[in-house]
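One file, upload-v1.cif, carrying mmCIF, N, CA, C and O atoms:
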data_final
#
loop_
_atom_site.label_atom_id
_atom_site.label_comp_id
_atom_site.auth_asym_id
_atom_site.auth_seq_id
_atom_site.Cartn_x
_atom_site.Cartn_y
_atom_site.Cartn_z
N MET A 235 -47.22 127.46 -103.81
CA MET A 235 -48.26 126.56 -104.26
C MET A 235 -49.55 127.33 -104.52
O MET A 235 -50.25 127.03 -105.49
N GLN A 236 -49.85 128.27 -103.65
CA GLN A 236 -51.09 129.02 -103.84
C GLN A 236 -51.01 129.91 -105.08
O GLN A 236 -52.00 130.08 -105.79
N ALA A 237 -49.84 130.47 -105.36
CA ALA A 237 -49.68 131.28 -106.57
C ALA A 237 -49.90 130.41 -107.80
O ALA A 237 -50.57 130.83 -108.75
N ALA A 238 -49.36 129.21 -107.79
CA ALA A 238 -49.56 128.30 -108.93
C ALA A 238 -51.03 127.95 -109.07
O ALA A 238 -51.56 127.95 -110.19
N ASP A 239 -51.71 127.68 -107.97
CA ASP A 239 -53.14 127.37 -108.01
C ASP A 239 -53.94 128.52 -108.61
O ASP A 239 -54.94 128.29 -109.30
N GLN A 240 -53.51 129.75 -108.34
CA GLN A 240 -54.22 130.93 -108.85
C GLN A 240 -53.63 131.42 -110.17
O GLN A 240 -53.99 132.48 -110.64
N GLN A 241 -52.72 130.66 -110.72
CA GLN A 241 -52.06 130.99 -111.99
C GLN A 241 -51.41 132.38 -111.95
O GLN A 241 -51.54 133.17 -112.88
N ILE A 242 -50.71 132.64 -110.86
CA ILE A 242 -49.97 133.89 -110.71
C ILE A 242 -48.50 133.58 -110.95
O ILE A 242 -47.89 132.80 -110.21
N ALA A 243 -47.95 134.17 -112.00
CA ALA A 243 -46.54 133.95 -112.33
C ALA A 243 -45.67 134.78 -111.38
O ALA A 243 -45.89 135.98 -111.21
N LEU A 244 -44.70 134.12 -110.77
CA LEU A 244 -43.78 134.79 -109.86
C LEU A 244 -42.37 134.67 -110.42
O LEU A 244 -41.92 133.58 -110.76
N GLU A 245 -41.69 135.79 -110.51
CA GLU A 245 -40.29 135.78 -110.93
C GLU A 245 -39.37 135.56 -109.75
O GLU A 245 -38.30 134.97 -109.87
N ASP A 246 -39.79 136.07 -108.59
CA ASP A 246 -38.95 135.96 -107.40
C ASP A 246 -39.83 136.06 -106.16
O ASP A 246 -40.86 136.74 -106.17
N VAL A 247 -39.43 135.37 -105.12
CA VAL A 247 -40.11 135.42 -103.83
C VAL A 247 -39.05 135.67 -102.77
O VAL A 247 -38.03 134.98 -102.73
N TRP A 248 -39.30 136.64 -101.93
CA TRP A 248 -38.36 136.98 -100.87
C TRP A 248 -39.15 137.11 -99.58
O TRP A 248 -40.17 137.80 -99.54
N VAL A 249 -38.74 136.40 -98.54
CA VAL A 249 -39.45 136.40 -97.26
C VAL A 249 -38.49 136.86 -96.17
O VAL A 249 -37.37 136.37 -96.06
N GLU A 250 -38.96 137.80 -95.39
CA GLU A 250 -38.19 138.30 -94.24
C GLU A 250 -39.01 138.03 -92.98
O GLU A 250 -40.19 138.39 -92.92
N VAL A 251 -38.41 137.36 -92.01
CA VAL A 251 -39.09 137.00 -90.77
C VAL A 251 -38.35 137.63 -89.61
O VAL A 251 -37.12 137.61 -89.56
N HIS A 252 -39.11 138.18 -88.68
CA HIS A 252 -38.54 138.79 -87.48
C HIS A 252 -39.20 138.18 -86.26
O HIS A 252 -40.36 137.76 -86.31
N GLY A 253 -38.47 138.14 -85.17
CA GLY A 253 -39.02 137.67 -83.91
C GLY A 253 -38.13 138.11 -82.77
O GLY A 253 -37.02 138.58 -82.97
N GLN A 254 -38.66 137.95 -81.59
CA GLN A 254 -37.91 138.31 -80.39
C GLN A 254 -37.39 137.03 -79.73
O GLN A 254 -38.10 136.03 -79.64
N LEU A 255 -36.17 137.08 -79.29
CA LEU A 255 -35.56 135.98 -78.55
C LEU A 255 -34.65 136.60 -77.50
O LEU A 255 -33.69 137.29 -77.83
N ASP A 256 -34.98 136.39 -76.25
CA ASP A 256 -34.24 137.01 -75.14
C ASP A 256 -33.25 136.00 -74.58
O ASP A 256 -33.65 134.96 -74.04
N PRO A 257 -31.95 136.27 -74.68
CA PRO A 257 -30.96 135.33 -74.18
C PRO A 257 -30.99 135.14 -72.66
O PRO A 257 -30.43 134.20 -72.14
N ARG A 258 -31.68 136.03 -71.96
CA ARG A 258 -31.79 135.91 -70.50
C ARG A 258 -32.88 134.92 -70.09
O ARG A 258 -32.99 134.58 -68.92
N ALA A 259 -33.69 134.47 -71.02
CA ALA A 259 -34.83 133.59 -70.71
C ALA A 259 -34.38 132.37 -69.91
O ALA A 259 -33.38 131.74 -70.23
N GLY A 260 -35.14 132.10 -68.85
CA GLY A 260 -34.86 130.93 -68.02
C GLY A 260 -33.79 131.13 -66.97
O GLY A 260 -33.56 130.25 -66.15
N THR A 261 -33.14 132.27 -66.97
CA THR A 261 -32.12 132.53 -65.96
C THR A 261 -32.76 133.18 -64.74
O THR A 261 -33.89 133.67 -64.81
N PRO A 262 -32.06 133.18 -63.61
CA PRO A 262 -32.64 133.78 -62.40
C PRO A 262 -33.13 135.21 -62.66
O PRO A 262 -32.42 136.03 -63.26
N GLY A 263 -34.35 135.46 -62.24
CA GLY A 263 -34.97 136.77 -62.45
C GLY A 263 -35.72 136.87 -63.77
O GLY A 263 -36.44 137.83 -64.01
N HIS A 264 -35.55 135.88 -64.65
CA HIS A 264 -36.21 135.90 -65.97
C HIS A 264 -36.88 134.55 -66.24
O HIS A 264 -36.96 134.10 -67.38
N GLU A 265 -37.37 133.93 -65.18
CA GLU A 265 -37.99 132.62 -65.31
C GLU A 265 -39.25 132.63 -66.18
O GLU A 265 -39.59 131.63 -66.79
N THR A 266 -39.94 133.76 -66.25
CA THR A 266 -41.17 133.84 -67.04
C THR A 266 -40.94 134.37 -68.46
O THR A 266 -41.87 134.44 -69.24
N THR A 267 -39.72 134.72 -68.77
CA THR A 267 -39.40 135.19 -70.12
C THR A 267 -39.43 134.00 -71.07
O THR A 267 -38.82 132.96 -70.77
N PRO A 268 -40.15 134.09 -72.19
CA PRO A 268 -40.22 132.95 -73.11
C PRO A 268 -38.83 132.52 -73.59
O PRO A 268 -37.99 133.35 -73.93
N ILE A 269 -38.61 131.20 -73.60
CA ILE A 269 -37.33 130.67 -74.08
C ILE A 269 -37.39 130.35 -75.57
O ILE A 269 -36.44 129.83 -76.13
N TYR A 270 -38.49 130.68 -76.19
CA TYR A 270 -38.71 130.41 -77.62
C TYR A 270 -38.92 131.74 -78.35
O TYR A 270 -39.25 132.76 -77.74
N PRO A 271 -38.73 131.76 -79.66
CA PRO A 271 -38.99 132.99 -80.41
C PRO A 271 -40.47 133.39 -80.26
O PRO A 271 -41.35 132.53 -80.27
N HIS A 272 -40.72 134.67 -80.10
CA HIS A 272 -42.08 135.17 -79.94
C HIS A 272 -42.18 136.52 -80.65
O HIS A 272 -41.20 137.03 -81.17
N GLU A 273 -43.40 137.06 -80.68
CA GLU A 273 -43.67 138.31 -81.41
C GLU A 273 -43.16 138.20 -82.84
O GLU A 273 -42.40 139.04 -83.32
N LEU A 274 -43.58 137.14 -83.52
CA LEU A 274 -43.14 136.90 -84.89
C LEU A 274 -43.89 137.78 -85.88
O LEU A 274 -45.07 138.06 -85.71
N SER A 275 -43.19 138.19 -86.91
CA SER A 275 -43.81 138.93 -88.01
C SER A 275 -43.07 138.56 -89.29
O SER A 275 -41.94 138.08 -89.25
N TYR A 276 -43.74 138.77 -90.41
CA TYR A 276 -43.09 138.46 -91.68
C TYR A 276 -43.50 139.45 -92.76
O TYR A 276 -44.57 140.07 -92.68
N THR A 277 -42.65 139.61 -93.74
CA THR A 277 -42.92 140.39 -94.94
C THR A 277 -42.55 139.53 -96.13
O THR A 277 -41.47 138.93 -96.14
N VAL A 278 -43.46 139.44 -97.09
CA VAL A 278 -43.21 138.69 -98.32
C VAL A 278 -43.17 139.70 -99.46
O VAL A 278 -44.08 140.51 -99.60
N ARG A 279 -42.13 139.63 -100.25
CA ARG A 279 -42.01 140.48 -101.44
C ARG A 279 -42.04 139.57 -102.66
O ARG A 279 -41.24 138.64 -102.77
N LEU A 280 -42.98 139.85 -103.54
CA LEU A 280 -43.15 139.05 -104.75
C LEU A 280 -42.82 139.88 -105.97
O LEU A 280 -43.31 141.00 -106.11
N THR A 281 -42.00 139.35 -106.85
CA THR A 281 -41.75 139.99 -108.14
C THR A 281 -42.73 139.35 -109.12
O THR A 281 -42.62 138.17 -109.45
N THR A 282 -43.72 140.15 -109.52
CA THR A 282 -44.78 139.66 -110.40
C THR A 282 -45.43 140.84 -111.12
O THR A 282 -45.34 141.98 -110.65
N ASP A 283 -46.07 140.57 -112.23
CA ASP A 283 -46.82 141.61 -112.94
C ASP A 283 -48.24 141.74 -112.41
O ASP A 283 -48.94 142.71 -112.71
N VAL A 284 -48.68 140.80 -111.58
CA VAL A 284 -50.02 140.84 -111.00
C VAL A 284 -50.05 141.92 -109.93
O VAL A 284 -49.17 141.97 -109.06
N THR A 285 -51.06 142.78 -109.99
CA THR A 285 -51.15 143.87 -109.01
C THR A 285 -52.09 143.58 -107.86
O THR A 285 -51.96 144.16 -106.79
N GLU A 286 -53.05 142.69 -108.05
CA GLU A 286 -54.03 142.35 -107.01
C GLU A 286 -53.61 141.04 -106.35
O GLU A 286 -53.70 139.98 -106.97
N LEU A 287 -53.14 141.13 -105.11
CA LEU A 287 -52.61 139.96 -104.42
C LEU A 287 -53.40 139.60 -103.16
O LEU A 287 -52.99 138.72 -102.40
N ASP A 288 -54.54 140.25 -102.93
CA ASP A 288 -55.31 139.98 -101.72
C ASP A 288 -55.80 138.53 -101.65
O ASP A 288 -55.74 137.89 -100.59
N ALA A 289 -56.28 137.99 -102.77
CA ALA A 289 -56.77 136.61 -102.78
C ALA A 289 -55.62 135.63 -102.53
O ALA A 289 -55.79 134.63 -101.83
N LEU A 290 -54.46 135.93 -103.08
CA LEU A 290 -53.29 135.08 -102.85
C LEU A 290 -52.91 135.10 -101.37
O LEU A 290 -52.69 134.05 -100.76
N ASN A 291 -52.86 136.29 -100.80
CA ASN A 291 -52.52 136.40 -99.38
C ASN A 291 -53.53 135.65 -98.51
O ASN A 291 -53.15 134.94 -97.58
N ALA A 292 -54.79 135.78 -98.81
CA ALA A 292 -55.83 135.09 -98.03
C ALA A 292 -55.66 133.58 -98.13
O ALA A 292 -55.80 132.86 -97.13
N ALA A 293 -55.35 133.08 -99.33
CA ALA A 293 -55.18 131.64 -99.51
C ALA A 293 -53.95 131.14 -98.75
O ALA A 293 -53.99 130.09 -98.11
N VAL A 294 -52.88 131.89 -98.81
CA VAL A 294 -51.66 131.51 -98.08
C VAL A 294 -51.95 131.47 -96.58
O VAL A 294 -51.60 130.51 -95.89
N GLU A 295 -52.61 132.49 -96.07
CA GLU A 295 -52.89 132.53 -94.64
C GLU A 295 -53.86 131.42 -94.23
O GLU A 295 -53.83 130.95 -93.10
N ARG A 296 -54.70 130.98 -95.14
CA ARG A 296 -55.65 129.91 -94.81
C ARG A 296 -55.00 128.53 -94.87
O ARG A 296 -55.27 127.68 -94.04
N PHE A 297 -54.14 128.29 -95.87
CA PHE A 297 -53.66 126.94 -96.12
C PHE A 297 -52.21 126.67 -95.74
O PHE A 297 -51.80 125.52 -95.72
N CYS A 298 -51.41 127.68 -95.42
CA CYS A 298 -50.00 127.45 -95.11
C CYS A 298 -49.88 126.63 -93.83
O CYS A 298 -50.27 127.09 -92.74
N PRO A 299 -49.33 125.41 -93.92
CA PRO A 299 -49.27 124.56 -92.73
C PRO A 299 -48.36 125.12 -91.63
O PRO A 299 -48.68 125.00 -90.44
N ILE A 300 -47.27 125.74 -91.99
CA ILE A 300 -46.36 126.28 -90.96
C ILE A 300 -46.98 127.49 -90.28
O ILE A 300 -46.94 127.61 -89.04
N LEU A 301 -47.56 128.38 -91.05
CA LEU A 301 -48.21 129.56 -90.47
C LEU A 301 -49.33 129.13 -89.52
O LEU A 301 -49.43 129.63 -88.40
N ASN A 302 -50.13 128.18 -89.94
CA ASN A 302 -51.23 127.72 -89.09
C ASN A 302 -50.73 126.97 -87.88
O ASN A 302 -51.32 127.06 -86.80
N LEU A 303 -49.65 126.23 -88.02
CA LEU A 303 -49.05 125.56 -86.86
C LEU A 303 -48.63 126.59 -85.82
O LEU A 303 -48.89 126.44 -84.62
N LEU A 304 -47.98 127.65 -86.27
CA LEU A 304 -47.53 128.69 -85.35
C LEU A 304 -48.71 129.41 -84.70
O LEU A 304 -48.67 129.72 -83.50
N ARG A 305 -49.73 129.66 -85.47
CA ARG A 305 -50.89 130.39 -84.93
C ARG A 305 -51.74 129.53 -84.00
O ARG A 305 -52.23 130.01 -83.00
N GLN A 306 -51.93 128.27 -84.34
CA GLN A 306 -52.83 127.42 -83.57
C GLN A 306 -52.12 126.58 -82.53
O GLN A 306 -52.71 126.22 -81.53
N GLY A 307 -50.89 126.23 -82.82
CA GLY A 307 -50.16 125.35 -81.91
C GLY A 307 -50.69 123.93 -81.99
O GLY A 307 -51.81 123.69 -82.43
N VAL A 308 -49.89 123.00 -81.63
CA VAL A 308 -50.28 121.59 -81.61
C VAL A 308 -49.61 120.93 -80.42
O VAL A 308 -48.63 121.43 -79.89
N THR A 309 -50.14 119.81 -80.02
CA THR A 309 -49.51 119.02 -78.98
C THR A 309 -48.36 118.24 -79.61
O THR A 309 -48.54 117.62 -80.66
N VAL A 310 -47.21 118.30 -79.00
CA VAL A 310 -46.04 117.59 -79.50
C VAL A 310 -45.56 116.66 -78.39
O VAL A 310 -45.41 117.08 -77.25
N GLN A 311 -45.34 115.42 -78.74
CA GLN A 311 -44.81 114.47 -77.77
C GLN A 311 -43.48 113.95 -78.30
O GLN A 311 -43.32 113.77 -79.50
N GLY A 312 -42.56 113.73 -77.42
CA GLY A 312 -41.26 113.23 -77.84
C GLY A 312 -40.67 112.32 -76.78
O GLY A 312 -41.06 112.36 -75.62
N THR A 313 -39.74 111.52 -77.20
CA THR A 313 -39.01 110.66 -76.28
C THR A 313 -37.54 110.69 -76.65
O THR A 313 -37.17 111.07 -77.78
N VAL A 314 -36.71 110.31 -75.71
CA VAL A 314 -35.28 110.15 -75.96
C VAL A 314 -34.97 108.69 -75.67
O VAL A 314 -35.32 108.18 -74.60
N GLU A 315 -34.35 108.03 -76.62
CA GLU A 315 -33.98 106.63 -76.43
C GLU A 315 -32.47 106.51 -76.50
O GLU A 315 -31.84 107.06 -77.39
N ARG A 316 -31.92 105.78 -75.56
CA ARG A 316 -30.48 105.57 -75.53
C ARG A 316 -30.14 104.32 -76.32
O ARG A 316 -30.78 103.28 -76.18
N VAL A 317 -29.16 104.44 -77.18
CA VAL A 317 -28.60 103.29 -77.89
C VAL A 317 -27.19 103.12 -77.36
O VAL A 317 -26.37 104.04 -77.49
N PRO A 318 -26.87 101.98 -76.75
CA PRO A 318 -25.51 101.79 -76.25
C PRO A 318 -24.49 101.98 -77.34
O PRO A 318 -24.70 101.56 -78.49
N ALA A 319 -23.37 102.61 -77.00
CA ALA A 319 -22.34 102.92 -77.98
C ALA A 319 -21.85 101.67 -78.70
O ALA A 319 -21.60 101.69 -79.90
N SER A 320 -21.72 100.55 -78.00
CA SER A 320 -21.23 99.33 -78.64
C SER A 320 -22.23 98.83 -79.69
O SER A 320 -21.83 98.26 -80.71
N ARG A 321 -23.51 99.06 -79.49
CA ARG A 321 -24.53 98.64 -80.45
C ARG A 321 -24.60 99.58 -81.65
O ARG A 321 -24.84 99.16 -82.77
N ALA A 322 -24.36 100.87 -81.42
CA ALA A 322 -24.42 101.84 -82.50
C ALA A 322 -23.30 101.63 -83.50
O ALA A 322 -23.46 101.91 -84.68
N ALA A 323 -22.15 101.13 -83.06
CA ALA A 323 -21.02 100.93 -83.94
C ALA A 323 -21.19 99.70 -84.83
O ALA A 323 -20.54 99.57 -85.86
N ALA A 324 -22.08 98.80 -84.46
CA ALA A 324 -22.26 97.55 -85.21
C ALA A 324 -22.99 97.77 -86.52
O ALA A 324 -23.62 98.66 -86.81
#

Show me the file's structure as structure tokens.
Amino acid sequence: MQAADQQIALEDVWVEVHGQLDPRAGTPGHETTPIYPHELSYTVRLTTDVTELDALNAAVERFCPILNLLRQGVTVQGTVERVPASRAAA
């Protein structure tokens, strides 16, 4: 979306994301090990004739909702509701 806003033609976009996830997390002796992916990093490769991409990168980092969610975090609330099996079949 940011490339379109800046009128940057893209032939291809390739994103590689890396993170750490320890399968021992939450087990005895590893109670403090994060049970979620952490130490995230990404590389974006763009096929384009445009050589100056700093403004595009800045706009993406400012407006990308997922990137900002990961960086800032949000409060998430959830519930689990049981639906009786006999009611679900109806």

Which value, in Å to one decimal, gives the distance between atom N of Leu301 (chain A) and atom O of Asp246 (chain A)?
-> 18.5 Å

Local residues around (-43.9, 143.6, -105.9), at most 12 Å away, using only C-alpha atoms, as a PyMOL selection string | chain A and resi 243-248+277-287

Determine, counting only C-alpha atoms, which protein, DNA and RNA residues have an atom within 10 Å of an atom of Ala289 (chain A); residues of the same chain fewer than 5 positions away are not included. Present the result as a list of chain:residue names.
-> A:Gln236, A:Ala237, A:Gln240, A:Val294, A:Glu295

Protein/DNA/RNA residues near (-35.4, 138.7, -85.0), cut 10 Å, only C-alpha atoms, as a list of chain:residue names = A:Glu250, A:Val251, A:His252, A:Gly253, A:Gln254, A:Leu255, A:Pro271, A:His272, A:Glu273, A:Leu274, A:Ser275

With distances taken over all atoms listed in the file, which of A:Asp256, A:Gln306, A:Ile300, A:Ala238 is nearest to Pro268 (chain A)?
-> A:Asp256

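All residues in chain A with a DSSP state of alpha helix (DSSP H), computed from the backbone, read Gln236, Ala237, Ala238, Asp239, Asp288, Ala289, Leu290, Asn291, Ala292, Ala293, Val294, Glu295, Arg296, Phe297, Pro299, Ile300, Leu301, Asn302, Leu303, Leu304, Arg305, Gln306, Ala319, Ser320, Arg321 and Ala322 of chain A.
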
Given 5 Å on each side, where is the centre and what are the edge lengths in Å to one decimal of the axis-aligned box enclosing the listed atoms of region 269-286 of chain A, as lines of an AutoDock Vina configuration file?
center_x = -45.2
center_y = 137.0
center_z = -93.3
size_x = 27.6
size_y = 24.3
size_z = 49.3

Taking the backbone alone, and naming residues the way the document does, which bits of chain A are strand (DSSP E) by DSSP, as a ChimeraX atom specification?
-> /A:246-254,272-281

Give me, please, the distance in Å between atom O of Val249 (chain A) and atom C of Leu303 (chain A), quoted to one decimal.
-> 18.1 Å

Interatomic distance between CA of Pro257 (chain A) and CA of Val314 (chain A)?
-> 25.6 Å
